[in-house]
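For reference, entry.csv (CSV, C-alpha atoms):
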chain,number,residue,atom,x,y,z
A,1,MET,CA,112.3,123.2,120.3
A,2,ASP,CA,111.7,125.6,123.1
A,3,ALA,CA,114.2,124.7,125.9
A,4,THR,CA,111.8,126.1,128.6
A,5,VAL,CA,109.5,123.2,128.0
A,6,PHE,CA,112.0,121.0,129.9
A,7,ASP,CA,112.5,123.2,132.9
A,8,GLN,CA,113.0,121.7,136.4
A,9,ASP,CA,109.3,122.0,137.3
A,10,PHE,CA,108.5,120.0,134.2
A,11,PHE,CA,111.0,117.3,135.1
A,12,ASP,CA,109.8,117.1,138.7
A,13,LYS,CA,106.3,116.4,137.5
A,14,LEU,CA,107.3,113.9,134.9
A,15,ASN,CA,109.3,112.1,137.5
A,16,THR,CA,106.0,111.2,139.3
A,17,LEU,CA,104.6,109.4,136.3
A,18,LYS,CA,105.3,105.9,135.1
A,19,LEU,CA,104.4,104.3,131.9
A,20,SER,CA,101.6,101.8,132.6
A,21,LEU,CA,101.3,100.2,129.2
A,22,SER,CA,100.3,96.6,129.7
A,23,MET,CA,103.1,94.3,128.7
A,24,ARG,CA,105.1,91.3,130.0
A,25,LEU,CA,108.4,90.9,128.2
A,26,SER,CA,110.3,87.7,128.0
A,27,GLN,CA,113.3,89.2,126.3
A,28,GLY,CA,115.8,91.9,127.0
A,29,MET,CA,118.4,92.9,129.6
A,30,SER,CA,117.7,93.1,133.3
A,31,GLY,CA,115.4,96.0,134.2
A,32,VAL,CA,112.3,96.9,136.3
A,33,ARG,CA,109.4,95.2,134.4
A,34,LYS,CA,108.0,91.9,135.3
A,35,SER,CA,108.7,89.2,132.7
A,36,SER,CA,107.0,85.8,132.0
A,37,ALA,CA,110.5,84.3,132.1
A,38,LYS,CA,111.6,82.8,135.4
A,39,GLY,CA,114.8,84.2,136.8
A,40,THR,CA,116.6,85.1,140.0
A,41,SER,CA,115.1,88.4,141.2
A,42,VAL,CA,113.8,88.9,144.7
A,43,GLU,CA,110.1,88.4,143.9
A,44,PHE,CA,109.0,84.8,144.5
A,45,SER,CA,107.0,83.2,141.7
A,46,ASP,CA,106.4,79.5,142.1
A,47,PHE,CA,107.9,76.1,143.0
A,48,ARG,CA,108.9,73.2,140.7
A,49,GLU,CA,110.5,69.8,141.2
A,50,TYR,CA,114.2,69.6,141.3
A,51,MET,CA,115.8,68.4,138.0
A,52,LEU,CA,119.4,67.2,137.4
A,53,GLY,CA,121.6,70.2,136.7
A,54,ASP,CA,119.6,72.7,138.8
A,55,ASP,CA,121.4,75.0,141.2
A,56,ILE,CA,121.2,73.3,144.6
A,57,ARG,CA,121.3,76.7,146.3
A,58,ARG,CA,117.8,77.2,145.1
A,59,ILE,CA,116.4,74.1,146.7
A,60,ASP,CA,113.7,74.8,149.3
A,61,TRP,CA,114.8,72.6,152.2
A,62,ASN,CA,111.7,73.5,154.2
A,63,ALA,CA,109.6,71.9,151.5
A,64,TYR,CA,111.9,68.9,151.4
A,65,GLY,CA,111.4,68.4,155.2
A,66,ARG,CA,107.6,68.4,154.7
A,67,THR,CA,107.4,66.3,151.5
A,68,ASP,CA,110.7,64.3,151.2
A,69,LYS,CA,110.9,65.8,147.7
A,70,LEU,CA,113.3,68.3,146.3
A,71,TYR,CA,111.7,71.5,145.0
A,72,ILE,CA,113.3,74.6,143.4
A,73,LYS,CA,112.2,78.1,144.1
A,74,GLN,CA,111.4,80.1,141.0
A,75,PHE,CA,111.5,83.9,141.0
A,76,MET,CA,110.0,86.4,138.6
A,77,GLU,CA,112.7,87.8,136.4
A,78,GLU,CA,112.6,91.5,135.8
A,79,LYS,CA,113.2,92.8,132.3
A,80,GLU,CA,113.6,96.3,130.7
A,81,GLY,CA,110.8,97.5,128.5
A,82,VAL,CA,111.9,98.4,124.9
A,83,PHE,CA,110.1,101.4,123.4
A,84,GLN,CA,110.2,102.6,119.8
A,85,ILE,CA,109.2,106.2,119.3
A,86,PHE,CA,108.4,107.1,115.6
A,87,VAL,CA,108.3,110.8,114.8
A,88,ASP,CA,106.7,111.9,111.5
A,89,THR,CA,109.1,114.6,110.2
A,90,SER,CA,107.2,115.3,106.9
A,91,ARG,CA,106.7,118.9,106.0
A,92,SER,CA,103.0,119.0,106.9
A,93,MET,CA,104.1,118.8,110.6
A,94,GLU,CA,105.4,122.3,110.3
A,95,PHE,CA,101.9,123.7,109.8
A,96,GLY,CA,100.3,126.0,112.4
A,97,GLU,CA,101.0,129.2,114.2
A,98,ILE,CA,102.3,126.9,116.9
A,99,PRO,CA,103.6,124.1,114.6
A,100,LYS,CA,102.7,120.5,115.0
A,101,SER,CA,106.4,119.7,114.8
A,102,LYS,CA,107.1,121.5,118.1
A,103,MET,CA,104.4,119.4,120.0
A,104,ALA,CA,105.7,116.2,118.3
A,105,LEU,CA,109.2,116.9,119.6
A,106,GLN,CA,107.9,117.8,123.1
A,107,ILE,CA,105.9,114.6,123.3
A,108,ALA,CA,108.9,112.5,122.1
A,109,GLY,CA,111.1,114.2,124.6
A,110,ALA,CA,108.7,113.9,127.5
A,111,LEU,CA,108.0,110.2,126.9
A,112,SER,CA,111.7,109.5,126.4
A,113,TYR,CA,112.4,111.1,129.8
A,114,ILE,CA,109.8,109.0,131.5
A,115,ILE,CA,111.0,105.8,129.8
A,116,LEU,CA,114.6,106.4,130.7
A,117,ASN,CA,113.7,107.3,134.3
A,118,ASN,CA,111.9,104.0,134.5
A,119,LEU,CA,115.1,102.2,133.5
A,120,ASP,CA,113.7,101.1,130.2
A,121,ARG,CA,115.3,101.3,126.7
A,122,VAL,CA,114.1,103.8,124.1
A,123,TYR,CA,114.8,104.3,120.3
A,124,VAL,CA,113.8,107.6,118.7
A,125,ASN,CA,113.2,107.1,115.0
A,126,GLU,CA,112.7,109.8,112.3
A,127,LEU,CA,110.2,109.1,109.6
A,128,LYS,CA,110.8,111.0,106.3
A,129,GLU,CA,110.7,110.5,102.5
A,130,ASN,CA,109.7,106.8,102.9
A,131,SER,CA,112.8,105.9,104.9
A,132,GLN,CA,113.5,105.6,108.5
A,133,ASN,CA,116.4,107.1,110.4
A,134,GLN,CA,116.6,104.6,113.2
A,135,GLY,CA,117.9,106.0,116.4
A,136,LYS,CA,120.4,104.4,118.8
A,137,GLY,CA,118.8,102.4,121.6
A,138,VAL,CA,119.7,104.1,124.9
A,139,THR,CA,118.8,103.5,128.6
A,140,GLY,CA,119.4,105.3,131.8
A,141,THR,CA,118.7,108.9,132.7
A,142,ALA,CA,122.3,109.9,131.7
A,143,ALA,CA,121.2,109.3,128.0
A,144,PHE,CA,118.5,111.9,128.1
A,145,PRO,CA,120.8,114.7,126.7
A,146,HIS,CA,121.5,112.5,123.8
A,147,ILE,CA,117.8,112.1,123.1
A,148,LEU,CA,117.3,115.9,123.3
A,149,SER,CA,120.2,116.4,120.8
A,150,VAL,CA,118.6,113.9,118.4
A,151,LEU,CA,115.2,115.7,118.6
A,152,GLU,CA,116.7,119.2,118.3
A,153,ASN,CA,118.5,118.1,115.1
A,154,MET,CA,115.4,116.8,113.4
A,155,THR,CA,114.2,118.7,110.3
A,156,PHE,CA,110.6,118.6,108.9
A,157,ASP,CA,110.5,118.5,105.2
A,158,GLY,CA,109.2,116.5,102.2
A,159,ALA,CA,106.5,113.9,102.3
A,160,THR,CA,106.3,110.3,103.7
A,161,ASN,CA,104.2,107.2,103.4
A,162,LEU,CA,104.0,106.3,107.1
A,163,SER,CA,103.3,102.6,106.7
A,164,LYS,CA,106.0,102.1,104.1
A,165,THR,CA,108.5,104.1,106.2
A,166,ILE,CA,107.9,102.1,109.4
A,167,LEU,CA,108.0,98.8,107.5
A,168,SER,CA,111.4,99.8,105.9
A,169,ARG,CA,113.3,98.5,109.0
A,170,PRO,CA,112.7,95.4,111.1
A,171,VAL,CA,111.2,95.7,114.6
A,172,ARG,CA,112.1,93.2,117.3
A,173,THR,CA,109.4,91.1,118.8
A,174,GLY,CA,107.8,92.5,122.0
A,175,GLY,CA,107.8,96.0,123.3
A,176,VAL,CA,106.0,99.3,122.7
A,177,SER,CA,105.7,101.3,119.5
A,178,ILE,CA,104.5,105.0,119.8
A,179,ILE,CA,103.8,106.8,116.5
A,180,ILE,CA,103.6,110.6,116.6
A,181,SER,CA,102.1,112.1,113.5
A,182,ASP,CA,99.2,114.2,112.1
A,183,PHE,CA,98.3,111.0,110.2
A,184,LEU,CA,97.3,113.2,107.1
A,185,ASP,CA,98.6,110.4,104.9
A,186,GLU,CA,96.3,109.2,102.1
A,187,ASN,CA,97.9,105.8,102.3
A,188,GLY,CA,96.8,105.3,105.8
A,189,ILE,CA,98.6,103.7,108.7
A,190,GLU,CA,96.9,100.3,109.0
A,191,GLU,CA,99.7,98.2,107.4
A,192,ALA,CA,102.2,99.5,109.9
A,193,VAL,CA,99.8,98.9,112.9
A,194,LYS,CA,99.1,95.4,111.6
A,195,TYR,CA,102.8,94.7,111.2
A,196,LEU,CA,103.7,96.1,114.7
A,197,THR,CA,100.9,94.1,116.3
A,198,PHE,CA,102.1,91.0,114.5
A,199,LYS,CA,105.5,91.6,116.1
A,200,LYS,CA,103.7,91.6,119.5
A,201,GLN,CA,104.2,95.4,120.0
A,202,VAL,CA,101.9,97.4,122.1
A,203,VAL,CA,101.0,100.3,119.7
A,204,VAL,CA,100.0,103.8,120.6
A,205,LEU,CA,99.0,106.4,118.0
A,206,ILE,CA,99.3,110.0,118.9
A,207,GLN,CA,97.7,112.4,116.5
A,208,VAL,CA,98.9,116.1,116.6
A,209,LEU,CA,96.9,118.7,114.9
A,210,ALA,CA,97.2,122.5,114.8
A,211,ARG,CA,94.4,124.8,116.1
A,212,GLU,CA,93.9,126.1,112.6
A,213,GLU,CA,93.0,122.5,111.5
A,214,THR,CA,90.5,121.9,114.2
A,215,GLU,CA,88.9,125.3,114.5
A,216,VAL,CA,88.5,126.6,110.9
A,217,ASP,CA,87.5,130.2,110.8
A,218,TYR,CA,88.7,131.2,107.3
A,219,GLU,CA,86.5,133.3,105.0
A,220,GLY,CA,86.4,134.1,101.3
A,221,THR,CA,88.4,132.5,98.5
A,222,LEU,CA,91.7,131.0,99.4
A,223,ASN,CA,94.6,129.3,97.6
A,224,ILE,CA,95.3,126.2,99.6
A,225,LEU,CA,98.9,124.8,99.5
A,226,ASP,CA,99.8,121.2,100.0
A,227,MET,CA,102.9,121.5,102.1
A,228,GLU,CA,104.3,118.1,101.0
A,229,ASN,CA,104.0,118.3,97.2
A,230,ASP,CA,103.5,122.1,96.7
A,231,SER,CA,100.3,121.6,94.7
A,232,ARG,CA,97.7,124.3,95.1
A,233,ILE,CA,93.9,124.4,94.9
A,234,LYS,CA,91.5,127.4,95.0
A,235,ILE,CA,88.6,127.1,97.3
A,236,THR,CA,85.8,129.4,98.6
A,237,MET,CA,85.2,129.0,102.3
A,238,SER,CA,81.5,129.0,103.0
A,239,ASN,CA,79.5,127.7,105.9
A,240,ALA,CA,78.6,124.6,103.9
A,241,VAL,CA,82.3,124.0,103.1
A,242,ILE,CA,83.4,124.5,106.7
A,243,LYS,CA,80.7,122.1,107.9
A,244,LYS,CA,81.8,119.5,105.3
A,245,TYR,CA,85.4,119.9,106.4
A,246,LYS,CA,84.5,119.4,110.1
A,247,GLU,CA,82.5,116.3,109.3
A,248,THR,CA,85.5,114.9,107.3
A,249,LEU,CA,87.9,115.6,110.1
A,250,GLN,CA,85.6,113.9,112.6
A,251,ASN,CA,85.3,110.9,110.4
A,252,MET,CA,89.0,110.7,110.0
A,253,GLN,CA,89.6,110.7,113.7
A,254,GLU,CA,86.8,108.2,114.3
A,255,ASN,CA,88.4,105.9,111.7
A,256,LEU,CA,91.8,106.3,113.5
A,257,GLU,CA,90.1,105.3,116.8
A,258,ASN,CA,88.4,102.4,115.1
A,259,LEU,CA,91.7,101.2,113.6
A,260,ALA,CA,93.3,101.4,117.0
A,261,HIS,CA,90.5,99.4,118.6
A,262,LYS,CA,90.7,96.8,115.9
A,263,TYR,CA,94.3,96.0,116.7
A,264,GLY,CA,94.2,96.7,120.4
A,265,ALA,CA,96.2,99.9,120.1
A,266,GLY,CA,95.9,103.1,122.1
A,267,CYS,CA,94.9,106.4,120.4
A,268,ILE,CA,95.5,109.9,121.7
A,269,PHE,CA,94.5,113.3,120.2
A,270,ILE,CA,96.3,116.5,121.1
A,271,ARG,CA,96.5,120.0,119.6
A,272,SER,CA,99.8,121.7,119.1
A,273,ASP,CA,98.8,124.7,121.2
A,274,GLU,CA,97.8,122.6,124.3
A,275,SER,CA,99.8,122.3,127.4
A,276,LEU,CA,101.6,119.0,127.1
A,277,LEU,CA,102.2,118.7,130.8
A,278,HIS,CA,98.5,119.3,131.6
A,279,ALA,CA,97.6,116.7,129.0
A,280,MET,CA,100.0,114.2,130.5
A,281,LEU,CA,98.8,114.8,134.0
A,282,HIS,CA,95.1,115.3,133.4
A,283,GLY,CA,94.2,114.5,129.7
A,284,GLU,CA,94.2,111.6,127.4
A,285,PHE,CA,97.8,110.6,128.2
A,286,ARG,CA,96.4,109.3,131.5
A,287,ARG,CA,95.4,106.2,129.5
A,288,ILE,CA,99.1,105.2,129.2
A,289,LEU,CA,100.6,107.0,132.2
A,290,ARG,CA,100.2,106.6,135.9
Structure re-expressed in structure tokens:
Amino acid sequence: MDATVFDQDFFDKLNTLKLSLSMRLSQGMSGVRKSSAKGTSVEFSDFREYMLGDDIRRIDWNAYGRTDKLYIKQFMEEKEGVFQIFVDTSRSMEFGEIPKSKMALQIAGALSYIILNNLDRVYVNELKENSQNQGKGVTGTAAFPHILSVLENMTFDGATNLSKTILSRPVRTGGVSIIISDFLDENGIEEAVKYLTFKKQVVVLIQVLAREETEVDYEGTLNILDMENDSRIKITMSNAVIKKYKETLQNMQENLENLAHKYGAGCIFIRSDESLLHAMLHGEFRRILR
């Protein structure tokens, strides 16, 4: 990963952003997100009648003076958000003059920085060979060097079944799951999205493709190598073949968007040669950042 991606200017701009994913958590440690649970934070929520065993310090004596009844002040408890970031580290992510893997790591690093800066908890998980290397949950800005170390030590090799890999470990109920991948998996991702949604996760799909995959300009007869299983196929690139390829790519992305819509998930497309910071400030990431 290029260390210059995380220069001071990058951090200063990231610091102005906050994740605005819609969620109200009722579990977790104290943090900065509003929860549906009632607690003792400074933000007033509601009144309820006093019950035996309630803390008398929370009685509203002004209300008692008006009604001759004892009422308890309830406050909105603040909870930390819990974020799961899943990084596809299969070999296909290494494709491209500027590899998809580099952008995937940048996205994971940038989002982790924002999450930690927002006093939320993040897990960075590596998806490879149908198994999941589940990261340690960390919180607080001091944990960011640990996240960078985890990302820098990721290797991209082999193949993976994304759904099977994500389903290989349990996910807690409630929170946000962000999947970063090229989604070039013949098995699809629906089972994983369905499972995460069932676990009351807010799901965001981030597809990373290389310029060479979105702007095909090859000519002549080529030997195409499948980077994940080393199989080869000979193909002659003609205008008709390129047109068919672009139609297939468009259909694949439309299907991914439709899947996201079906389960109430977010869906973002980014190319590996784009400016991530520009995309976060002005592009599709504006859907989940503010």
- Message: So that I can check the surroundings of region 165-175 of chain A, please list as a list of chain:residue names every protein, DNA and RNA residue that reaches within 7 Å of it, counting all atoms listed in the file and ignoring chain neighbours fewer than 3 positions away.
- Response: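 What passes the distance filter is A:Leu25, A:Gly81, A:Val82, A:Phe83, A:Leu127, A:Asn130, A:Ser131, A:Gln132, A:Asn161, A:Leu162, A:Ala192, A:Lys199, A:Lys200, A:Gln201, A:Val202.
Shortest atom-to-atom contact with Ile189 (chain A) among A:Lys164, A:Lys243, A:Arg211, A:Arg91: A:Lys164, counting all atoms listed in the file.
Residue nearest Met252 (chain A), chosen from A:Gly188, A:Gly264, A:Pro145, A:Gly140 and counting only C-alpha atoms: A:Gly188.
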- Item | Spatial sel., origin (103.0, 131.8, 113.1), limit 12 Å, only C-alpha atoms, listed as a VMD selection string | chain A and resid 94 to 100 210 to 212 273
- Tell me, in Å to one decimal, how far CA of Met103 (chain A) is from CA of Phe198 (chain A).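 It comes out at 29.0 Å.
The space separating CA of Ile180 (chain A) from CA of Ser163 (chain A) comes to 12.7 Å.
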